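J.: Pasting a structure below so you can have a look.
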Amino acid sequence: MNAIAFFLPDLHALTLLITTAVYAVIAVIALWQHAQRGITTDWLGLLAVTAASWSLVQLSAHWGWFSLANTDLSERLALYAALTFGGLLVQFCRAFLRQGDPGWSWLGLLGAWLVLAAVLEINLPRWPEQIPVTPGLLIIRAGLMDVVLISGWAFMVGGAALITFRTLRQTQQPLHRNRIAYWAPILALTVLGHGLVFAERHSLGSLVVMASVLLTTAVTLQHSLPDMRQAVRQVLVYALALTLTAALAALGYAAVQSLLAPQRSQLVFAVQVALAVLIAICFAPLLRLAERTVNRLLLRRDYDAGRVVRDYSISISNILDVHELAKVALAIIRDSLGAQHGQLFLVDRKVRMEAPGFFFELRSVGDPSRSETGVLNDISPVAQYLYREYRPLTQYDIDLLPRFQSLLPEERQWLAKLQADVYVPVYSQGNWIGLFALGPKLTRDRYFEHDLQLLSTLADQTTVALVNARLVDNLVRMNEQLRVAYEQRDQYSRQLADLDRAKSDFIAVLSHELRTPLSILTGYSHLLTTDPEFASNPAYAPLIEGMTRGSARLQEIVDLMIDMAAIDNEALSLYHEPAPIAPIIRAVAEKYQAALVERELHLTLDPSLDNLPDIEADTNMLGKVFYHLIGNAIKYTPNGGRITVSGRALDFGHATMPDGGIEVVISDSGVGIPPDKLELIFSKFYRTGEASLHSSGKTKFKGGGPGLGLAIARGIIEAHGGRLWAESRGYDEERFPGSHFHVVLPKRSKTGSLLNGAGKFSSVTGPPNVSPVDGSRQLPGGR
């Protein structure tokens with residue numbers, strides 16, 4: 001019989017066995033869910049392990065597997081278990097409510113309380129069993145221990161309740177509030193269960209505490225929890241409906257009893273049956289009446305989904321402005337669902353420039369003065385969800401689901417700043433193009449499943465209108481960008497014109513300022529050259545020769561700047577006379593004879609030059625043109641290369657020169673010209689190669705220079721009414737494709753065609769046109 005009694009324990013032992021097994025299962029589940037739920041399941045597992053351990057200790061003491069010398073301690077094991085449970089519960093509460101800091105102070109307080117209890121338990125102060133406080137007032141030490149343990153438990157559970165209440169007040173999102181609200185029944189069951197334990201109803205109290213832990217486990221491990229406000233609302237609805245039904249039944253039965261005589265029992269029974277059927281028929285209308293009444297009292301909004309969709313489609317169908325579309329759409333959504341606030345974002349998928357991949361740019365519309373832009377990376381779990389899942393996303397999911405834990409802090413912070421409760425994506429042909437971000441409801445209700453279905457339908461209805469509005473918005477933005485670009489272009493053009501004018505003025509001033517000291521320098525060097533005393537001294541001869549060459553080179557540069565200033569200021573004076581081209585070119589070739597010999601270059605003057613007709617031109621200016629062109633060919637042709645000058649006559653009606661003229665071509669076997677630089681080389685101060693090569697010699701291979709020669713040559717040619725351009729197959733310092741410079745000049749000068757009344761001309765590029773005012777030759781795009 002003793003063995004049977006051992007294996008058939010009493011109710012308290014059975015309760016301890018059940019609670020131990022349940023806590024062990026909860027601990028295993030918490031350990032299994034650790035990877036997905038994190039620290040919350042860690043504290044849940046620790047709470048379950050501790051509760052299971054205390055149950056085993058109490059079970060062992062109950063079965064007599066070990067005996068305690070102090071029988072009071074054996075009776076107080078449940079109080080120690082309650083205090084430990086309360087301390088771990090407040091720590092678990094902090095982790096569940098995401099308080100942030102670990103809150104080790106609570107664990108420290110629990111440890112201090114247990115140490116105090118242990119000190120009193122082993123009676124380190126050596127107090128008697130009855131402690132006198134005042135005459136006639138004694139405190140029993142065993143009772144003091146109970147007070148210490150129970151007060152510690154109350155402090156811990158009260159702390160958990162305070163943290164829960166404070167977090168609930170600070171939380172605005174309904175789904176989070178609903179999750180926090182579950183702590184009310186958890187704490188209520190905990191207090192009730194431990195209260196029963198304190199009242200020595202150990203079995204029932206243990207089961208109630210176990211129920212609180214089971215509820216805690218369900219709330220922790222289940223993401224989507226039933227809505228408590230909805231449950232309370234349904235309870236109120238059914239309670240009101242049952243009350244109305246009971247009242248109707250009571251009135252009916254009372255009327256039957258008062259109107260019909262008791263002797264007519266069969267009739268009374270039939271009337272009562274009919275009355276019951278009538279009450280059953282009326283229950284559904286009474287239930288709807290009760291639901292409307294409760295919703296009105298609780299300020300809950302009801303809507304007709306079909307009507308909302310129809311009104312929404314009609315309202316947005318003809319809107320082409322994205323800001324107006326956002327205002328109308330959000331107004332209908334707020335009126336229907338009672339959202340506190342909302343935003344519509346345009347979503348653009350853009351390629352990342354600094355690294356491979358792309359990102360999503362979200363730009364808010366509706367209020368141009370409050371335009372807000374956010375960025376979600378392509379690897380963002382929120383972006384992946386909205387791009388691929390085709391259904392709304394709640395902030396509650398972002399905060400709690402494991403798949404969103406890798407969200408970047410800046411993205412999480414931006415989403416939090418929106419204070420949205422639900423995000424509804426808008427798609428077009430499989431592309432994510434828009435996003436509704438809606439705040440909590442005014443009634444503090446959550447967005448239920450039927451609300452999310454309605455929002456998805458409205459998002460689908462928005463697609464066509466949003467696509468059309470985005471096209472218009474893109475055109476408006478493009479026009480605005482073009483306007484800004486044109487304004488910037490005009491501003492830069494004015495700045496460039498001002499800079500070019502300032503540069504021309506500087507050249508004119510500098511060239512004239514240099515003429516006087518240069519004349520003095522040239523004069524003195526000439527005197528030194530002719531002075532017999534210095535000329536006969538061999539030590540002075542190289543110095544005087546260097547001064548003479550330097551002043552000559554400086555004079556040449558000053559002359560270049562003066563010519564360039566005259567061309568820029570349209571003040572170049574031309575003196576026309578019959579000019580044979582061949583002698584001009586031969587005179588230029590003679591000037592370069594020493595350089596040609598030094599560089600081993602072969603300059604060929606084609607016999608066709610002698611067959612060219614004379615033209616009306618300024619021979620001095622044409623000499624400068626060919627001087628710069630042949631000098632340019634020498635500079636960019638390698639040693640041993642060839643330079644050829646040829647010409648041909650242009651008959652009347654020629655496409656290039658309708659009134660007839662000549663064409664001279666200077667060809668070389670040099671490095672060539674890049675195709676994109678064929679016009680740029682005629683710009684002022686343009687130099688190929690490094691600027692550090694400047695002054696390395698005007699006839700050295702790829703030597704530097706001021707960069708004015710070709711610009712002056714084109715200015716002079718255009719002043720004569722001709723054209724100058726370059727041709728080349730490209731730039732190559734190994735194959736040397738060469739270059740060809742074409743000079744086209746008119747045969748005859750018409751009266752007033754080159755000079756205006758002030759003796760000025762306009763230097764421009766392009767085909768010549770005749771001004772309708774004074775007949776002067778003008779070219780489009782002139783400087």
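The way I read the labels, and the way they are meant: chains A, B, ... in the order of the structure tokens, residue 1 as the first residue of every chain, and ligand 1 as the first ligand shown, with later ones counted on from there.
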Need the shell around Leu31 in chain A: protein/DNA/RNA residues with any atom at most 12 Å away, counting only C-alpha atoms. Skip same-chain ones fewer than 5 positions apart. Format as a VMD selection string?

T.: chain A and resid 24 to 26 36 to 49 221

J.: Write the residues of the selection above to a file with C-alpha atoms, as a PDB file, in the first residue's frame.

T.:
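Output contents, as saved in selection-v4.pdb:
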ATOM      1  CA  ALA A  24      10.144  22.143 -18.789  1.00  0.00           C
ATOM      2  CA  VAL A  25       8.293  22.099 -22.127  1.00  0.00           C
ATOM      3  CA  ILE A  26       8.133  25.915 -22.123  1.00  0.00           C
ATOM      4  CA  GLN A  36      14.167  34.009 -34.073  1.00  0.00           C
ATOM      5  CA  ARG A  37      12.927  35.813 -30.958  1.00  0.00           C
ATOM      6  CA  GLY A  38      16.189  36.809 -29.293  1.00  0.00           C
ATOM      7  CA  ILE A  39      16.516  37.966 -25.706  1.00  0.00           C
ATOM      8  CA  THR A  40      12.787  37.803 -24.941  1.00  0.00           C
ATOM      9  CA  THR A  41      12.737  34.023 -25.271  1.00  0.00           C
ATOM     10  CA  ASP A  42      15.950  33.868 -23.214  1.00  0.00           C
ATOM     11  CA  TRP A  43      14.211  35.461 -20.242  1.00  0.00           C
ATOM     12  CA  LEU A  44      11.128  33.333 -20.832  1.00  0.00           C
ATOM     13  CA  GLY A  45      13.281  30.200 -20.760  1.00  0.00           C
ATOM     14  CA  LEU A  46      15.048  31.360 -17.585  1.00  0.00           C
ATOM     15  CA  LEU A  47      11.686  32.068 -15.963  1.00  0.00           C
ATOM     16  CA  ALA A  48      10.399  28.607 -16.914  1.00  0.00           C
ATOM     17  CA  VAL A  49      13.577  26.851 -15.742  1.00  0.00           C
ATOM     18  CA  LEU A 221       5.773  33.318 -29.347  1.00  0.00           C
TER      19      LEU A 221
END

J.: Taking the chain letters and numbering used in this document, name the residues of range 571-669 of chain A that DSSP puts in alpha helix (DSSP H), as an MDAnalysis selection string.

T.: chainID A and resid 581:591 593:599 619:635

J.: What's the 9 Å shell around Asp473 in chain A, counting only C-alpha atoms, without same-chain residues fewer than 6 positions away, as a list in words?

T.: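 These residues fall inside the cut-off: Leu320, Asp321 and Val322 of chain A.
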
J.: Using only C-alpha atoms, pick whichever of A:Thr293, A:Ser105, A:Ser406, A:Thr373 has the shortest atom-to-atom distance to Glu361 in chain A.

T.: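 Using only C-alpha atoms, Glu361 in chain A sits closest to A:Thr373.
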
J.: Can you tell me, as a list in words, which residues in range 60-239 of chain A count as strand (DSSP E) by DSSP?

T.: Gln130, Ile131, Pro132, Val133, Thr134, Leu137, Leu138, Ile139 and Ile140 of chain A

J.: Looking at A:Ala247, A:Val365, A:Val382, A:Ile634, which one is nearest to Thr394 in chain A, with distances taken over only C-alpha atoms?

T.: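 Going through A:Ala247, A:Val365, A:Val382, A:Ile634 one by one, the smallest distance to Thr394 in chain A is for A:Val382.
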
J.: Between A:Ile433, A:Ala241, A:Ile163, A:Leu346, single out the one closest to Cys93 in chain A, counting only C-alpha atoms.

T.: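 When distances to Cys93 in chain A are compared using only C-alpha atoms, the smallest one comes from A:Ile163.
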
J.: Kindly indicate which residue among A:Leu207, A:Val271, A:Ala239, A:Leu287 lies nearest to Leu11 in chain A, using only C-alpha atoms for the distances.

T.: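 Nearest candidate to Leu11 in chain A out of A:Leu207, A:Val271, A:Ala239, A:Leu287: A:Leu207.
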
J.: Skipping near chain neighbours, those fewer than 6 positions away, what residues fall within 9 Å of Thr522 in chain A using only C-alpha atoms, listed as a short mmCIF file (atom, residue, chain, number, x, y, z; two decimals) with C-alpha atoms, in the first residue's frame?

T.:
data_model
loop_
_atom_site.label_atom_id
_atom_site.label_comp_id
_atom_site.auth_asym_id
_atom_site.auth_seq_id
_atom_site.Cartn_x
_atom_site.Cartn_y
_atom_site.Cartn_z
CA MET A 547 69.52 90.50 -75.91
CA THR A 548 68.78 91.15 -79.56
CA SER A 551 63.86 91.57 -77.70
CA ALA A 552 62.93 90.35 -81.19
CA GLN A 555 58.43 92.10 -80.05
#

J.: Which residues are near Val197 in chain A? Cut-off 10 Å, only C-alpha atoms, ignore same chain within fewer than 2 positions. Put them as a list in words.

T.: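 Everything that qualifies: Ala78, Leu79, Ala82, Val191, Leu192, Gly193, His194, Gly195, Ala199, Glu200, Arg201, His202, Ser203, Leu204, Gly205, Ser206, Val208 and Val209 of chain A.
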
J.: Could you give me, as a PyMOL selection string, the residues within 12 Å of Ile279 in chain A, counting only C-alpha atoms and dropping anything in the same chain fewer than 5 positions from it?

T.: chain A and resi 241-242+244-253+272-274+284-287

J.: Can you write just those residues out, N, CA and C atoms, as an mmCIF file, in the first residue's frame?

T.:
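After the write, selection-v6.cif holds the following:
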data_model
loop_
_atom_site.group_PDB
_atom_site.id
_atom_site.type_symbol
_atom_site.label_atom_id
_atom_site.label_comp_id
_atom_site.auth_asym_id
_atom_site.auth_seq_id
_atom_site.Cartn_x
_atom_site.Cartn_y
_atom_site.Cartn_z
ATOM 1 N N ALA A 241 -27.127 42.409 -26.582
ATOM 2 C CA ALA A 241 -28.126 41.679 -27.364
ATOM 3 C C ALA A 241 -28.866 40.667 -26.490
ATOM 4 N N LEU A 242 -28.119 39.961 -25.633
ATOM 5 C CA LEU A 242 -28.781 38.993 -24.746
ATOM 6 C C LEU A 242 -29.678 39.698 -23.738
ATOM 7 N N LEU A 244 -31.271 42.566 -24.222
ATOM 8 C CA LEU A 244 -32.493 42.958 -24.931
ATOM 9 C C LEU A 244 -33.390 41.749 -25.201
ATOM 10 N N THR A 245 -32.752 40.633 -25.571
ATOM 11 C CA THR A 245 -33.539 39.423 -25.833
ATOM 12 C C THR A 245 -34.222 38.927 -24.571
ATOM 13 N N ALA A 246 -33.458 38.928 -23.473
ATOM 14 C CA ALA A 246 -34.058 38.491 -22.199
ATOM 15 C C ALA A 246 -35.189 39.415 -21.773
ATOM 16 N N ALA A 247 -34.996 40.717 -21.983
ATOM 17 C CA ALA A 247 -36.053 41.662 -21.624
ATOM 18 C C ALA A 247 -37.290 41.425 -22.474
ATOM 19 N N LEU A 248 -37.083 41.208 -23.770
ATOM 20 C CA LEU A 248 -38.216 40.934 -24.653
ATOM 21 C C LEU A 248 -38.914 39.636 -24.256
ATOM 22 N N ALA A 249 -38.134 38.605 -23.927
ATOM 23 C CA ALA A 249 -38.740 37.333 -23.516
ATOM 24 C C ALA A 249 -39.515 37.483 -22.209
ATOM 25 N N ALA A 250 -38.926 38.210 -21.262
ATOM 26 C CA ALA A 250 -39.606 38.402 -19.973
ATOM 27 C C ALA A 250 -40.920 39.144 -20.158
ATOM 28 N N LEU A 251 -40.904 40.190 -20.985
ATOM 29 C CA LEU A 251 -42.140 40.933 -21.237
ATOM 30 C C LEU A 251 -43.181 40.050 -21.912
ATOM 31 N N GLY A 252 -42.721 39.250 -22.882
ATOM 32 C CA GLY A 252 -43.660 38.369 -23.592
ATOM 33 C C GLY A 252 -44.282 37.337 -22.669
ATOM 34 N N TYR A 253 -43.441 36.690 -21.872
ATOM 35 C CA TYR A 253 -43.984 35.677 -20.963
ATOM 36 C C TYR A 253 -44.891 36.312 -19.920
ATOM 37 N N GLN A 272 -46.523 30.443 -25.974
ATOM 38 C CA GLN A 272 -45.129 30.516 -25.515
ATOM 39 C C GLN A 272 -44.163 30.005 -26.589
ATOM 40 N N VAL A 273 -44.551 28.923 -27.287
ATOM 41 C CA VAL A 273 -43.715 28.427 -28.388
ATOM 42 C C VAL A 273 -43.602 29.477 -29.491
ATOM 43 N N ALA A 274 -44.722 30.114 -29.858
ATOM 44 C CA ALA A 274 -44.691 31.156 -30.884
ATOM 45 C C ALA A 274 -43.829 32.340 -30.437
ATOM 46 N N ALA A 284 -31.264 38.220 -34.382
ATOM 47 C CA ALA A 284 -30.299 38.777 -35.350
ATOM 48 C C ALA A 284 -30.451 40.294 -35.483
ATOM 49 N N PRO A 285 -31.675 40.833 -35.655
ATOM 50 C CA PRO A 285 -31.806 42.299 -35.685
ATOM 51 C C PRO A 285 -31.377 42.954 -34.374
ATOM 52 N N LEU A 286 -31.694 42.296 -33.251
ATOM 53 C CA LEU A 286 -31.269 42.850 -31.975
ATOM 54 C C LEU A 286 -29.741 42.861 -31.847
ATOM 55 N N LEU A 287 -29.090 41.827 -32.410
ATOM 56 C CA LEU A 287 -27.628 41.772 -32.374
ATOM 57 C C LEU A 287 -27.030 42.916 -33.190
#

J.: Find the residues around Asp563 in chain A up to 8 Å (only C-alpha atoms counted), leave out those fewer than 4 positions away in its own chain, and share them as a PyMOL selection string.

T.: chain A and resi 559+567+572+712

J.: Please dump the current selection as a PDB file, in the first residue's frame; keep C-alpha atoms.

T.:
ATOM      1  CA  ASP A 559      52.687  92.063 -82.125  1.00  0.00           C
ATOM      2  CA  ILE A 567      40.598  91.208 -83.999  1.00  0.00           C
ATOM      3  CA  LEU A 572      41.676  95.402 -87.611  1.00  0.00           C
ATOM      4  CA  ILE A 712      44.922  85.403 -85.446  1.00  0.00           C
TER       5      ILE A 712
END
